[in-house]
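Everything on this sheet refers to the single structure shown next.
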Amino acid sequence: MLNLILFGPPGSGKGTQANKLVEKYSLLHISTGDLFRYNMKNDTPLGIEAKSYIEKGDLVPDSVTINMLKAKVNENPDVAGYIFDGFPRTIAQAEALDNFLKEKGQSVSGLLALDVPDEELIKRLLERGKDSGRKDDQDESIIANRIDVYNKETAPVFDFYKKQNRADKVLGVGTIENIFERLCSMIFWM
Ligand code: ADP
């Protein structure tokens, strides 16, 4: 199985690249952000809980996020592998994912981090906010908080996998096709 973590700050292009990777490698794309938005749209108890955090640009608590992720994986056992997009975002989530996969006799194949400068992220997010309807993309102070949370809580996840020789950075600037090729050439070695 190929179990890939697509990593990077908000606006780094994880969703765009995940869609292309899914096609090429026949993987299941699991985006925790998309799962939360689906639940918010349908006013489920999970969506209502998540909304209060997401609208401020904060992380949804680990226990909620981890249970949601596990449920999604368990619902889809017969796949060639998973692309985790937006998960893990904390060390606790990374540890939970490792243990969870281990119980299934599986593991994370590798983490690829899209590297994009902050100015470019802010520009992309504000642009996306114009037509996506995502409130968290429309307010510069919420965007700034998300980048701050990323640097404090999420960036350490890169080092967690780097120490185990399972993490690499990929330049996330350029054409979508160029970035895709960079990712594919890294996946080749996993
Ligand atoms: P982004 O475009 O900022 O990368 P996502 O679409 O992945 O955002 O997620 C949107 C929001 O959902 C995040 O800002 C956060 O509040 C919440 N969220 C998504 N994934 C997680 C996670 N793994 N842990 C906690 N909160 C999460």
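Lettering and numbering for the structure tokens are positional, with chains as A, B, ... in the shown order, residues counted from 1 in each chain, and ligands counted from 1 in the shown order.
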**Request:** Using only C-alpha atoms and all ligand atoms, find each protein or nucleic acid residue lying at most 10 Å from ligand 1; present the set as a ChimeraX atom specification.
**Result:** /A:7-15,31-37,50-66,68-69,84-90,92-94,121,125,128,134,136-137,142-143,145-147,149-150,153-154
Hey, which bits of segment 99-153 of chain A sit within 9 Å of segment 163-177 of chain A, and for each residue what's the closest pair of atoms and how far apart in Å (one decimal), counting only C-alpha atoms, rows by chain and increasing number, as a Markdown table?
```
| residue | atom | partner | partner_atom | distance |
| --- | --- | --- | --- | --- |
| A:Val108 | CA | A:Arg166 | CA | 8.2 |
| A:Ser109 | CA | A:Arg166 | CA | 7.1 |
| A:Gly110 | CA | A:Arg166 | CA | 4.7 |
| A:Leu111 | CA | A:Ala167 | CA | 4.6 |
| A:Leu112 | CA | A:Asp168 | CA | 5.1 |
| A:Ala113 | CA | A:Lys169 | CA | 4.7 |
| A:Leu114 | CA | A:Gly172 | CA | 4.8 |
| A:Asp115 | CA | A:Gly172 | CA | 4.9 |
| A:Val116 | CA | A:Gly172 | CA | 5.3 |
| A:Pro117 | CA | A:Val173 | CA | 8.6 |
| A:Glu120 | CA | A:Val173 | CA | 8.7 |
```
**Request:** Would you please give, as a PyMOL selection string, all residues of segment 7-155 of chain A that DSSP assigns to strand (DSSP E) based on the backbone?
**Result:** chain A and resi 7+28-31+81-85+110-115
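In this structure, atom CA of Ala71 of chain A sits 12.6 Å away from atom CA of Leu101 of chain A.
Across the structure, atom CA of Gln138 of chain A and atom CA of Leu126 of chain A are spaced 5.8 Å apart.
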**Request:** Point out the residue among A:Asn67, A:Pro156, A:Lys135, A:Ser141 with the least atom-to-atom distance to Ala96 of chain A, counting only C-alpha atoms.
**Result:** A:Asn67
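Among A:Phe158, A:Lys20, A:Asp78, A:Lys72, the residue with the shortest atom-to-atom distance to Leu183 of chain A, counting only C-alpha atoms, is A:Lys20.
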**Item:** Every residue of segment 15-125 of chain A that DSSP places in alpha helix (DSSP H), as number ranges by chain
**Value:** A: 15-25, 32-41, 45-54, 62-75, 91-103, 118-125
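Across the structure, atom CA of Tyr38 of chain A and atom CA of Val73 of chain A are spaced 16.4 Å apart.
The closest residue to Glu75 of chain A, picked from A:Ile187, A:Val157, A:Gln17, A:Leu28 and counting only C-alpha atoms, is A:Leu28.
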